[in-house]
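This is query12.txt (compact mmCIF, C-alpha atoms and all ligand atoms).
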```txt
# COMPACT_ATOMS: atom_id res chain seq x y z
CA MET A 1 0.00 0.00 0.00
CA ARG A 2 2.84 2.35 0.78
CA TRP A 3 3.93 1.99 -2.86
CA LEU A 4 0.79 1.29 -4.80
CA GLY A 5 -1.99 3.06 -2.80
CA ARG A 6 -4.17 5.12 -5.15
CA ALA A 7 -4.66 8.07 -2.83
CA ASN A 8 -1.13 8.54 -1.55
CA GLY A 9 1.04 5.65 -2.71
CA LEU A 10 4.62 6.46 -3.58
CA ALA A 11 4.61 5.02 -7.07
CA ASN A 12 1.05 5.96 -8.02
CA LYS A 13 0.77 9.40 -6.54
CA GLN A 14 3.78 10.90 -4.87
CA LEU A 15 6.42 10.19 -7.51
CA PRO A 16 4.32 11.64 -10.34
CA GLU A 17 3.35 14.64 -8.18
CA LEU A 18 6.74 15.39 -6.69
CA TRP A 19 9.12 14.29 -9.41
CA LEU A 20 7.29 14.54 -12.68
CA LYS A 21 5.75 17.96 -12.02
CA ALA A 22 9.01 19.42 -10.78
CA ALA A 23 11.10 18.00 -13.63
CA PRO A 24 12.42 20.47 -16.22
CA ARG A 25 10.38 20.29 -19.41
CA ASP A 26 13.18 18.71 -21.43
CA HIS A 27 13.47 15.83 -18.95
CA LYS A 28 9.76 15.16 -18.34
CA ALA A 29 9.58 12.32 -20.84
CA GLU A 30 12.62 10.62 -19.32
CA VAL A 31 11.41 11.03 -15.73
CA GLY A 32 7.96 9.74 -16.75
CA LYS A 33 9.60 6.66 -18.27
CA HIS A 34 11.50 5.91 -15.07
CA ILE A 35 8.46 6.41 -12.87
CA ASN A 36 6.52 3.98 -15.04
CA ALA A 37 9.35 1.49 -14.72
CA VAL A 38 9.24 1.78 -10.93
CA LYS A 39 5.50 1.33 -10.98
CA ALA A 40 5.73 -1.73 -13.16
CA HIS A 41 8.43 -3.12 -10.89
CA CYS A 42 6.30 -2.54 -7.77
CA GLU A 43 3.32 -4.17 -9.38
CA ALA A 44 5.38 -7.20 -10.38
CA MET A 45 6.69 -7.51 -6.83
CA PHE A 46 3.22 -7.15 -5.42
CA GLU A 47 2.03 -9.97 -7.66
CA GLN A 48 4.87 -12.24 -6.58
CA GLU A 49 4.29 -11.71 -2.84
CA ARG A 50 5.42 -9.12 -0.38
CA LEU A 51 8.97 -8.02 -0.82
CA PRO A 52 11.20 -6.50 1.84
CA ILE A 53 11.02 -2.73 1.69
CA ALA A 54 14.81 -2.51 1.55
CA ARG A 55 14.88 -4.39 -1.76
CA LEU A 56 12.16 -2.21 -3.23
CA GLU A 57 14.08 0.88 -2.25
CA THR A 58 17.21 -0.42 -3.93
CA ALA A 59 15.14 -1.00 -7.04
CA VAL A 60 13.76 2.54 -6.95
CA ARG A 61 17.25 3.95 -6.48
CA SER A 62 18.65 2.11 -9.48
CA LYS A 63 15.68 2.76 -11.75
CA LEU A 64 14.71 6.32 -10.83
CA ILE A 65 17.20 8.22 -8.75
CA GLU A 66 20.54 7.18 -10.26
CA PRO A 67 19.58 7.96 -13.87
CA LEU A 68 18.41 11.41 -12.75
CA GLU A 69 21.60 12.13 -10.89
CA ARG A 70 23.25 12.31 -14.28
CA VAL A 71 21.42 15.65 -14.71
CA ASP A 72 23.69 18.41 -13.48
CA ILE A 73 21.51 20.19 -10.96
CA THR A 74 24.07 22.97 -10.53
CA LEU A 75 23.27 24.27 -14.03
CA PRO A 76 21.16 27.48 -14.10
CA GLY A 77 17.40 26.89 -14.34
CA VAL A 78 15.06 27.73 -17.18
CA ARG A 79 14.54 31.47 -17.35
CA ARG A 80 10.97 32.64 -17.84
CA ALA A 81 10.44 36.00 -19.56
CA ILE A 82 8.54 38.53 -17.43
CA GLY A 83 6.16 39.34 -20.30
CA ALA A 84 4.59 42.61 -21.34
CA GLU A 85 1.15 44.16 -21.58
CA HIS A 86 -0.76 43.22 -24.75
CA PRO A 87 -1.21 46.29 -27.00
CA VAL A 88 -5.02 45.94 -26.91
CA MET A 89 -5.06 45.74 -23.10
CA LYS A 90 -2.66 48.68 -22.92
CA THR A 91 -4.98 50.79 -25.07
CA TRP A 92 -8.00 49.56 -23.04
CA ARG A 93 -6.39 50.69 -19.80
CA GLU A 94 -5.31 54.04 -21.22
CA ILE A 95 -8.83 54.85 -22.39
CA VAL A 96 -10.43 53.74 -19.11
CA SER A 97 -7.96 55.80 -17.07
CA VAL A 98 -8.70 58.99 -19.05
CA PHE A 99 -12.35 58.71 -18.00
CA GLN A 100 -11.59 57.59 -14.46
CA LYS A 101 -9.69 60.84 -14.02
CA LEU A 102 -12.88 62.66 -15.04
CA GLY A 103 -14.75 60.88 -12.23
CA TYR A 104 -16.23 58.01 -14.22
CA SER A 105 -16.49 54.60 -12.59
CA VAL A 106 -16.05 51.27 -14.38
CA ALA A 107 -19.06 49.00 -14.98
CA GLU A 108 -19.04 45.53 -16.50
CA GLY A 109 -21.67 43.04 -17.57
CA PRO A 110 -22.22 39.57 -19.06
CA VAL A 111 -20.94 38.63 -22.52
CA VAL A 112 -23.90 36.26 -23.04
CA GLU A 113 -26.87 38.60 -23.08
CA THR A 114 -30.60 38.47 -23.62
CA ASP A 115 -32.25 39.98 -26.66
CA TYR A 116 -33.94 42.42 -24.28
CA TYR A 117 -30.74 44.04 -23.01
CA ASN A 118 -28.79 43.83 -26.26
CA PHE A 119 -31.56 45.19 -28.49
CA GLU A 120 -35.04 45.90 -27.17
CA ALA A 121 -34.18 48.17 -24.23
CA LEU A 122 -31.74 50.05 -26.46
CA ASN A 123 -34.53 51.04 -28.79
CA PHE A 124 -34.03 48.29 -31.37
CA PRO A 125 -37.62 46.96 -31.52
CA PRO A 126 -38.14 43.40 -32.90
CA ASN A 127 -37.72 43.34 -36.70
CA HIS A 128 -36.09 46.78 -36.72
CA PRO A 129 -33.69 46.97 -39.69
CA ALA A 130 -30.89 48.32 -37.46
CA ARG A 131 -30.65 44.83 -35.90
CA ASP A 132 -29.38 43.51 -39.23
CA THR A 133 -26.32 45.74 -39.09
CA GLN A 134 -25.14 43.98 -35.94
CA ASP A 135 -24.46 40.51 -37.43
CA THR A 136 -25.44 38.80 -34.22
CA LEU A 137 -24.26 35.37 -33.05
CA PHE A 138 -27.24 33.70 -31.36
CA ILE A 139 -27.06 30.86 -28.83
CA ALA A 140 -28.62 27.71 -30.30
CA GLY A 141 -31.86 26.14 -29.07
CA GLN A 142 -33.60 29.30 -27.87
CA GLN A 143 -36.58 29.23 -30.22
CA SER A 144 -39.05 28.08 -27.59
CA LYS A 145 -38.42 31.19 -25.45
CA PRO A 146 -40.11 34.55 -25.95
CA GLN A 147 -37.87 36.72 -28.15
CA ARG A 148 -36.76 39.11 -25.39
CA GLU A 149 -35.42 36.22 -23.29
CA ARG A 150 -33.42 34.54 -26.06
CA LEU A 151 -29.67 34.47 -25.46
CA LEU A 152 -27.00 35.83 -27.77
CA LEU A 153 -23.39 36.98 -27.63
CA ARG A 154 -23.61 40.70 -26.99
CA THR A 155 -22.82 42.73 -30.10
CA HIS A 156 -21.86 45.85 -28.14
CA THR A 157 -21.17 46.85 -24.53
CA SER A 158 -24.30 49.03 -24.51
CA PRO A 159 -26.49 46.48 -22.60
CA VAL A 160 -24.47 47.42 -19.52
CA GLN A 161 -25.90 50.95 -19.78
CA ILE A 162 -29.38 49.58 -19.13
CA ARG A 163 -28.18 47.11 -16.49
CA THR A 164 -26.40 49.92 -14.62
CA MET A 165 -29.35 52.32 -14.83
CA GLU A 166 -31.60 49.58 -13.40
CA LYS A 167 -29.30 49.35 -10.37
CA MET A 168 -28.18 52.95 -9.84
CA ARG A 169 -30.26 56.08 -9.76
CA PRO A 170 -29.01 59.20 -11.58
CA PRO A 171 -26.63 60.97 -11.68
CA ILE A 172 -24.25 58.40 -13.18
CA ARG A 173 -20.99 58.52 -15.06
CA ILE A 174 -19.66 55.15 -16.17
CA VAL A 175 -17.25 53.62 -18.65
CA ILE A 176 -17.92 50.07 -19.76
CA PRO A 177 -15.02 48.09 -21.24
CA GLY A 178 -15.57 44.55 -22.51
CA THR A 179 -15.43 41.92 -25.24
CA VAL A 180 -18.16 41.76 -27.86
CA HIS A 181 -18.89 39.34 -30.72
CA ARG A 182 -20.23 39.69 -34.23
CA ASN A 183 -20.59 37.23 -37.06
CA ASP A 184 -17.81 38.86 -39.11
CA PRO A 185 -15.43 36.56 -40.95
CA PRO A 186 -11.88 37.34 -39.82
CA ASP A 187 -9.84 39.59 -42.14
CA ALA A 188 -7.32 42.41 -41.75
CA SER A 189 -9.87 44.77 -40.18
CA HIS A 190 -12.53 42.39 -38.78
CA SER A 191 -12.53 39.84 -36.00
CA PRO A 192 -15.54 37.88 -34.69
CA MET A 193 -14.41 38.92 -31.19
CA PHE A 194 -13.26 42.42 -30.41
CA HIS A 195 -13.23 44.97 -27.59
CA GLN A 196 -15.34 48.04 -26.97
CA ILE A 197 -15.35 50.82 -24.45
CA GLU A 198 -18.60 52.55 -23.92
CA GLY A 199 -19.41 55.60 -21.80
CA LEU A 200 -22.59 56.99 -20.30
CA ALA A 201 -23.28 60.17 -18.36
CA VAL A 202 -26.76 60.97 -17.06
CA ASP A 203 -27.78 63.93 -14.92
CA THR A 204 -30.12 66.90 -15.04
CA ASN A 205 -29.24 69.38 -17.78
CA ILE A 206 -26.61 67.40 -19.66
CA THR A 207 -26.27 68.93 -23.11
CA PHE A 208 -24.56 68.14 -26.41
CA GLY A 209 -21.98 70.76 -25.33
CA ASP A 210 -21.02 68.50 -22.40
CA LEU A 211 -20.64 65.59 -24.81
CA LYS A 212 -18.37 67.60 -27.12
CA GLY A 213 -16.27 69.02 -24.29
CA THR A 214 -15.81 65.62 -22.62
CA LEU A 215 -14.82 63.79 -25.80
CA ASP A 216 -12.58 66.62 -27.02
CA HIS A 217 -10.71 66.45 -23.72
CA ALA A 218 -10.51 62.62 -23.87
CA MET A 219 -9.11 62.61 -27.43
CA LYS A 220 -6.44 65.15 -26.49
CA ALA A 221 -5.52 63.06 -23.46
CA LEU A 222 -5.26 59.93 -25.64
CA PHE A 223 -3.66 61.22 -28.81
CA GLY A 224 -1.87 64.40 -27.75
CA SER A 225 -2.97 67.97 -27.09
CA SER A 226 -2.57 69.03 -30.72
CA VAL A 227 -5.37 66.83 -32.15
CA LYS A 228 -8.53 68.56 -33.29
CA THR A 229 -11.97 66.94 -33.07
CA HIS A 230 -14.83 67.10 -35.51
CA PHE A 231 -18.40 65.75 -35.18
CA ARG A 232 -20.44 64.52 -38.14
CA PRO A 233 -24.15 63.59 -37.96
CA SER A 234 -24.87 59.85 -37.83
CA PHE A 235 -27.54 57.39 -36.71
CA PHE A 236 -27.72 54.98 -33.79
CA PRO A 237 -31.06 53.66 -32.47
CA PHE A 238 -30.21 54.48 -28.85
CA THR A 239 -29.04 58.08 -29.29
CA GLU A 240 -30.72 61.12 -30.77
CA PRO A 241 -29.08 63.17 -32.17
CA SER A 242 -26.13 60.89 -33.00
CA ALA A 243 -22.68 61.73 -34.29
CA GLU A 244 -19.41 60.20 -35.39
CA LEU A 245 -16.32 61.73 -33.88
CA TYR A 246 -13.28 62.34 -36.07
CA VAL A 247 -9.84 63.42 -34.89
CA THR A 248 -7.07 64.89 -36.99
CA CYS A 249 -4.92 62.01 -38.19
CA PHE A 250 -2.21 61.48 -35.57
CA ILE A 251 -0.03 59.75 -38.13
CA CYS A 252 0.22 62.53 -40.73
CA GLY A 253 -0.86 65.36 -38.43
CA GLY A 254 -3.88 66.10 -40.64
CA SER A 255 -1.98 66.76 -43.86
CA GLY A 256 -3.06 63.49 -45.54
CA LYS A 257 0.54 62.87 -46.61
CA ARG A 258 3.57 61.12 -45.19
CA GLY A 259 6.44 62.82 -46.92
CA SER A 260 5.61 62.44 -50.58
CA ASP A 261 3.44 59.32 -49.99
CA PRO A 262 -0.29 59.33 -49.32
CA CYS A 263 -1.25 58.62 -45.66
CA ARG A 264 -3.11 55.30 -45.68
CA PRO A 265 -4.71 55.20 -42.19
CA CYS A 266 -6.73 58.37 -42.89
CA LYS A 267 -7.14 57.63 -46.63
CA GLN A 268 -5.47 60.99 -47.32
CA THR A 269 -8.34 62.93 -45.72
CA GLY A 270 -6.36 64.02 -42.66
CA TRP A 271 -9.24 62.81 -40.42
CA ILE A 272 -9.80 59.49 -38.66
CA GLU A 273 -13.16 58.32 -37.32
CA VAL A 274 -12.68 57.15 -33.74
CA LEU A 275 -16.09 56.66 -32.17
CA GLY A 276 -19.86 56.95 -32.28
CA CYS A 277 -21.76 59.08 -29.79
CA GLY A 278 -24.93 61.01 -29.12
CA MET A 279 -27.55 62.14 -26.62
CA VAL A 280 -29.37 59.21 -24.99
CA ASP A 281 -32.67 58.67 -26.81
CA PRO A 282 -35.63 59.40 -24.46
CA ASN A 283 -37.06 56.01 -25.54
CA VAL A 284 -34.13 54.32 -23.78
CA PHE A 285 -34.86 56.18 -20.54
CA GLU A 286 -38.47 54.94 -20.74
CA PHE A 287 -37.20 51.40 -19.99
CA VAL A 288 -35.64 52.54 -16.67
CA LYS A 289 -38.06 55.38 -15.91
CA ASP A 290 -39.10 53.84 -12.57
CA ASN A 291 -35.56 54.13 -11.23
CA GLY A 292 -35.45 57.92 -11.54
CA TYR A 293 -34.75 58.25 -15.26
CA ASP A 294 -37.77 60.31 -16.27
CA PRO A 295 -36.84 61.59 -19.75
CA LYS A 296 -38.55 64.87 -18.90
CA LYS A 297 -36.19 65.39 -15.96
CA VAL A 298 -32.86 63.82 -16.91
CA SER A 299 -30.71 63.85 -20.01
CA GLY A 300 -27.44 62.21 -20.89
CA PHE A 301 -24.91 61.30 -23.49
CA ALA A 302 -23.31 58.02 -24.54
CA PHE A 303 -20.33 57.07 -26.67
CA GLY A 304 -18.65 53.86 -27.77
CA MET A 305 -15.35 53.03 -29.41
CA GLY A 306 -13.51 49.96 -30.69
CA VAL A 307 -10.40 49.39 -28.61
CA ASP A 308 -8.71 47.11 -31.17
CA ARG A 309 -9.22 49.64 -33.97
CA LEU A 310 -7.69 52.40 -31.88
CA ALA A 311 -4.78 50.12 -30.98
CA LEU A 312 -4.25 49.40 -34.71
CA LEU A 313 -4.12 53.12 -35.45
CA LYS A 314 -2.03 54.01 -32.45
CA TYR A 315 0.66 51.40 -33.12
CA GLY A 316 0.48 51.51 -36.93
CA VAL A 317 -0.49 47.81 -37.19
CA ASP A 318 -2.24 46.90 -40.44
CA ASP A 319 -3.86 43.55 -39.55
CA ILE A 320 -6.18 43.06 -36.56
CA GLN A 321 -5.56 39.28 -36.65
CA LEU A 322 -2.02 39.88 -35.36
CA PHE A 323 -3.52 40.94 -32.03
CA PHE A 324 -5.19 37.57 -31.48
CA GLN A 325 -2.70 35.08 -32.90
CA GLY A 326 -0.46 35.17 -29.84
CA ASP A 327 2.75 35.22 -31.91
CA VAL A 328 5.47 36.19 -29.46
CA ARG A 329 7.62 37.69 -32.24
CA PHE A 330 4.84 40.22 -32.91
CA LEU A 331 3.93 40.91 -29.27
CA GLN A 332 7.59 41.32 -28.21
CA GLN A 333 7.72 44.57 -30.14
CA PHE A 334 5.38 46.18 -27.62
CA GLY A 335 7.29 45.01 -24.55
ZN ZN B 1 -3.17 60.60 -42.05
```

What does the file become when written as structure tokens?
Amino acid sequence: MRWLGRANGLANKQLPELWLKAAPRDHKAEVGKHINAVKAHCEAMFEQERLPIARLETAVRSKLIEPLERVDITLPGVRRAIGAEHPVMKTWREIVSVFQKLGYSVAEGPVVETDYYNFEALNFPPNHPARDTQDTLFIAGQQSKPQRERLLLRTHTSPVQIRTMEKMRPPIRIVIPGTVHRNDPPDASHSPMFHQIEGLAVDTNITFGDLKGTLDHAMKALFGSSVKTHFRPSFFPFTEPSAELYVTCFICGGSGKRGSDPCRPCKQTGWIEVLGCGMVDPNVFEFVKDNGYDPKKVSGFAFGMGVDRLALLKYGVDDIQLFFQGDVRFLQQFG
């Protein structure tokens, strides 16, 4: 039992735990081989009848310990690199910290969401054409449930806006970082999984001026004090009015040229679109009205940006897939 016990026997449990786990990777196969030999030996002995412990120990010494003593344990061990922050996570943290300094707190929510939080409560009614633009990945086998309860992989971090407003009364200022999924085939600028950071501010008397001032400050904090911002009208179901925010290209400085070559990231326009934003649609507040969000009394703004896209621009990377392939030769460059 001392040798072959399943729970704590030397050959069955302790040798594999103590020796095999601790062995350097290059020697694991060899150590494993010896441990198996010891085990086989013990089993054979056990079959034959009890054997004096002293003889078993001699057998273990010759089969396991002596071969290993040939390994020079005075050699230096295997060095493990300390590692570095992934460029996407670095960008994520930079963006979050800009808003934390403005007094925003961080909110998070589930990646598997219900139709209600991902769409309905954000003013995407069932069958609304705007749902089609989101290329949603649905969880299988949900057809028997009412539509609002069906599960999906969230297509944006916006459901956390509703979840937070259900829990906290106004005023609120939150940033919501997280992973989102869409049914986009992977290519240089698309990935079925990517990262978003969303923001929401709700209070009495919040105006579009507050939105512009906040985002102008954030862009200068992220890309340098010389960038200019520019808002163009857009459409999102959950904001009204909605806008896209452009900043002067931080690669060419807004000239559209790099030396005599055209600047590719801004397509020679000198402007780069960085996020979508707008004033929270009163229809969204209707869903959380009972928690103090009467659209006649409160107003707010929201914005959302793709972290991976900003990381691509910031580091001049031309293929989003590089961020997710885990190739150390690529990631080392950011260490
Ligand atoms: Zn440019």

Can I get the residues close to ligand ZN 1 (chain B) as a PDB file with C-alpha atoms, in the coordinates of the input, where close means within 7 Å and we count all atoms listed in the file?
```
ATOM      1  CA  CYS A 249      -4.920  62.010 -38.190  1.00  0.00           C
ATOM      2  CA  PHE A 250      -2.210  61.480 -35.570  1.00  0.00           C
ATOM      3  CA  ILE A 251      -0.030  59.750 -38.130  1.00  0.00           C
ATOM      4  CA  CYS A 252       0.220  62.530 -40.730  1.00  0.00           C
ATOM      5  CA  GLY A 253      -0.860  65.360 -38.430  1.00  0.00           C
ATOM      6  CA  GLY A 254      -3.880  66.100 -40.640  1.00  0.00           C
ATOM      7  CA  SER A 255      -1.980  66.760 -43.860  1.00  0.00           C
ATOM      8  CA  GLY A 256      -3.060  63.490 -45.540  1.00  0.00           C
ATOM      9  CA  LYS A 257       0.540  62.870 -46.610  1.00  0.00           C
ATOM     10  CA  CYS A 263      -1.250  58.620 -45.660  1.00  0.00           C
ATOM     11  CA  ARG A 264      -3.110  55.300 -45.680  1.00  0.00           C
ATOM     12  CA  PRO A 265      -4.710  55.200 -42.190  1.00  0.00           C
ATOM     13  CA  CYS A 266      -6.730  58.370 -42.890  1.00  0.00           C
ATOM     14  CA  LYS A 267      -7.140  57.630 -46.630  1.00  0.00           C
ATOM     15  CA  GLN A 268      -5.470  60.990 -47.320  1.00  0.00           C
ATOM     16  CA  THR A 269      -8.340  62.930 -45.720  1.00  0.00           C
ATOM     17  CA  GLY A 270      -6.360  64.020 -42.660  1.00  0.00           C
ATOM     18  CA  TRP A 271      -9.240  62.810 -40.420  1.00  0.00           C
TER      19      TRP A 271
END
```

What lies within 10 Å of Asp210 (chain A) using only C-alpha atoms, ignoring chain neighbours under 5 positions off, as number ranges by chain? A: 201, 205, 215-216, 300-301

Near-region 130-143 of chain A list (10 Å; all atoms listed in the file; drop same-chain fewer than 6 positions) as number ranges by chain: A: 112-115, 118-120, 123-124, 149-156, 181-184, 192, 235-237

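Across the structure, CA of Leu102 (chain A) and CA of Gly335 (chain A) are spaced 28.4 Å apart.
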
What's around Lys212 (chain A) at 12 Å? Count all atoms listed in the file, leave out sequence neighbours fewer than 4 positions away in its own chain, and write the answer as a list in words. Ile206, Thr207, Phe208, Asp216, His217, Ala218, Met219, Lys228, Thr229, His230, Phe231, Arg232, Ser242, Ala243, Glu244, Leu245, Tyr246, Gly276, Cys277, Gly278, Met279, Phe301, Ala302 and Phe303 of chain A

Compare A:Val160, A:Val98, A:Leu322, A:Thr204 by their minimum atom-to-atom distance to Lys220 (chain A), counting only C-alpha atoms, and give me the closest one. A:Val98

Return as JSON lines the residues of region 222-293 of chain A lying at most 10 Å from region 163-169 of chain A, together with the closest atom-to-atom pair for each and the distance in Å to one decimal, counting only C-alpha atoms, with rows in chain order and ascending residue number.
```
{"residue": "A:Phe285", "atom": "CA", "partner": "A:Met165", "partner_atom": "CA", "distance": 8.8}
{"residue": "A:Phe287", "atom": "CA", "partner": "A:Glu166", "partner_atom": "CA", "distance": 8.8}
{"residue": "A:Val288", "atom": "CA", "partner": "A:Glu166", "partner_atom": "CA", "distance": 6.0}
{"residue": "A:Lys289", "atom": "CA", "partner": "A:Glu166", "partner_atom": "CA", "distance": 9.0}
{"residue": "A:Asp290", "atom": "CA", "partner": "A:Glu166", "partner_atom": "CA", "distance": 8.7}
{"residue": "A:Asn291", "atom": "CA", "partner": "A:Arg169", "partner_atom": "CA", "distance": 5.8}
{"residue": "A:Gly292", "atom": "CA", "partner": "A:Arg169", "partner_atom": "CA", "distance": 5.8}
{"residue": "A:Tyr293", "atom": "CA", "partner": "A:Arg169", "partner_atom": "CA", "distance": 7.4}
```

With only C-alpha atoms as the counted atoms, please give the residues lying no more than 7 Å from Arg173 (chain A), apart from itself and same-chain residues fewer than 5 positions off, as a list in words.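 Listed by chain and then number, they are Tyr104, Ser105, Leu200, Ala201 and Val202 of chain A.
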
Any chance you could export the current selection's C-alpha atoms as an mmCIF file, keeping the file's coordinate frame?
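Okay, selection_34.cif is ready:
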```cif
data_model
loop_
_atom_site.group_PDB
_atom_site.id
_atom_site.type_symbol
_atom_site.label_atom_id
_atom_site.label_comp_id
_atom_site.auth_asym_id
_atom_site.auth_seq_id
_atom_site.Cartn_x
_atom_site.Cartn_y
_atom_site.Cartn_z
ATOM 1 C CA TYR A 104 -16.230 58.010 -14.220
ATOM 2 C CA SER A 105 -16.490 54.600 -12.590
ATOM 3 C CA LEU A 200 -22.590 56.990 -20.300
ATOM 4 C CA ALA A 201 -23.280 60.170 -18.360
ATOM 5 C CA VAL A 202 -26.760 60.970 -17.060
#
```

Contacts of Tyr315 (chain A) within 10 Å, only C-alpha atoms, excl. fewer than 4 positions in-chain, as an MDAnalysis selection string: chainID A and resid 87 91 251 310:311 334

In Å to one decimal, how far is CA of Pro233 (chain A) from CA of Val247 (chain A)?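 According to the coordinates, CA of Val247 (chain A) and CA of Pro233 (chain A) are separated by 14.6 Å.
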
Separation of CA of Gln321 (chain A) from CA of Gln333 (chain A) in Å: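 Distance reported for this atom pair: 15.7 Å.
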
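Minimum atom-to-atom distance to Pro125 (chain A), evaluated using all atoms listed in the file, belongs to A:Gln147 out of A:Gln196, A:Cys42, A:Gly178, A:Gln147.
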
Which one is closest to Glu240 (chain A): A:Ala107, A:Val280, A:Val71, A:Ala37? Count only C-alpha atoms.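 Closest candidate: A:Val280.
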
Starting from the sparse input, extend region 263-269 of chain A to all heavy atoms and give the output as a PDB file, keeping the file's coordinate frame.
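The result, written out as selection.pdb:
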```
ATOM      1  N   CYS A 263      -1.087  59.242 -46.984  1.00  0.00           N
ATOM      2  CA  CYS A 263      -1.250  58.620 -45.660  1.00  0.00           C
ATOM      3  C   CYS A 263      -2.397  57.622 -45.744  1.00  0.00           C
ATOM      4  O   CYS A 263      -3.526  57.991 -46.020  1.00  0.00           O
ATOM      5  CB  CYS A 263      -1.529  59.695 -44.612  1.00  0.00           C
ATOM      6  SG  CYS A 263      -1.803  59.001 -42.971  1.00  0.00           S
ATOM      7  N   ARG A 264      -2.084  56.332 -45.524  1.00  0.00           N
ATOM      8  CA  ARG A 264      -3.110  55.300 -45.680  1.00  0.00           C
ATOM      9  C   ARG A 264      -4.139  55.251 -44.552  1.00  0.00           C
ATOM     10  O   ARG A 264      -5.326  55.137 -44.818  1.00  0.00           O
ATOM     11  CB  ARG A 264      -2.441  53.918 -45.850  1.00  0.00           C
ATOM     12  CG  ARG A 264      -1.963  53.703 -47.293  1.00  0.00           C
ATOM     13  CD  ARG A 264      -1.935  52.238 -47.626  1.00  0.00           C
ATOM     14  NE  ARG A 264      -1.103  51.495 -46.666  1.00  0.00           N
ATOM     15  CZ  ARG A 264      -1.242  50.220 -46.387  1.00  0.00           C
ATOM     16  NH1 ARG A 264      -2.199  49.534 -46.953  1.00  0.00           N
ATOM     17  NH2 ARG A 264      -0.440  49.626 -45.527  1.00  0.00           N
ATOM     18  N   PRO A 265      -3.711  55.343 -43.262  1.00  0.00           N
ATOM     19  CA  PRO A 265      -4.710  55.200 -42.190  1.00  0.00           C
ATOM     20  C   PRO A 265      -5.881  56.185 -42.307  1.00  0.00           C
ATOM     21  O   PRO A 265      -7.010  55.836 -41.986  1.00  0.00           O
ATOM     22  CB  PRO A 265      -3.902  55.450 -40.927  1.00  0.00           C
ATOM     23  CG  PRO A 265      -2.513  55.061 -41.297  1.00  0.00           C
ATOM     24  CD  PRO A 265      -2.353  55.446 -42.748  1.00  0.00           C
ATOM     25  N   CYS A 266      -5.630  57.413 -42.788  1.00  0.00           N
ATOM     26  CA  CYS A 266      -6.730  58.370 -42.890  1.00  0.00           C
ATOM     27  C   CYS A 266      -7.232  58.486 -44.325  1.00  0.00           C
ATOM     28  O   CYS A 266      -8.046  59.346 -44.632  1.00  0.00           O
ATOM     29  CB  CYS A 266      -6.315  59.740 -42.358  1.00  0.00           C
ATOM     30  SG  CYS A 266      -5.033  60.549 -43.337  1.00  0.00           S
ATOM     31  N   LYS A 267      -6.774  57.618 -45.204  1.00  0.00           N
ATOM     32  CA  LYS A 267      -7.140  57.630 -46.630  1.00  0.00           C
ATOM     33  C   LYS A 267      -6.950  59.032 -47.224  1.00  0.00           C
ATOM     34  O   LYS A 267      -7.797  59.546 -47.947  1.00  0.00           O
ATOM     35  CB  LYS A 267      -8.586  57.165 -46.822  1.00  0.00           C
ATOM     36  CG  LYS A 267      -8.818  55.757 -46.290  1.00  0.00           C
ATOM     37  CD  LYS A 267     -10.212  55.247 -46.690  1.00  0.00           C
ATOM     38  CE  LYS A 267     -10.507  53.886 -46.095  1.00  0.00           C
ATOM     39  NZ  LYS A 267     -11.098  53.955 -44.750  1.00  0.00           N
ATOM     40  N   GLN A 268      -5.888  59.662 -46.841  1.00  0.00           N
ATOM     41  CA  GLN A 268      -5.470  60.990 -47.320  1.00  0.00           C
ATOM     42  C   GLN A 268      -6.415  62.126 -46.957  1.00  0.00           C
ATOM     43  O   GLN A 268      -6.314  63.232 -47.480  1.00  0.00           O
ATOM     44  CB  GLN A 268      -5.304  60.996 -48.860  1.00  0.00           C
ATOM     45  CG  GLN A 268      -4.326  59.956 -49.358  1.00  0.00           C
ATOM     46  CD  GLN A 268      -4.201  60.032 -50.863  1.00  0.00           C
ATOM     47  OE1 GLN A 268      -3.813  61.069 -51.401  1.00  0.00           O
ATOM     48  NE2 GLN A 268      -4.531  58.938 -51.536  1.00  0.00           N
ATOM     49  N   THR A 269      -7.398  61.860 -46.055  1.00  0.00           N
ATOM     50  CA  THR A 269      -8.340  62.930 -45.720  1.00  0.00           C
ATOM     51  C   THR A 269      -7.820  63.792 -44.582  1.00  0.00           C
ATOM     52  O   THR A 269      -8.303  64.901 -44.358  1.00  0.00           O
ATOM     53  CB  THR A 269      -9.684  62.353 -45.266  1.00  0.00           C
ATOM     54  OG1 THR A 269      -9.447  61.557 -44.078  1.00  0.00           O
ATOM     55  CG2 THR A 269     -10.312  61.475 -46.336  1.00  0.00           C
TER      56      THR A 269
END
```
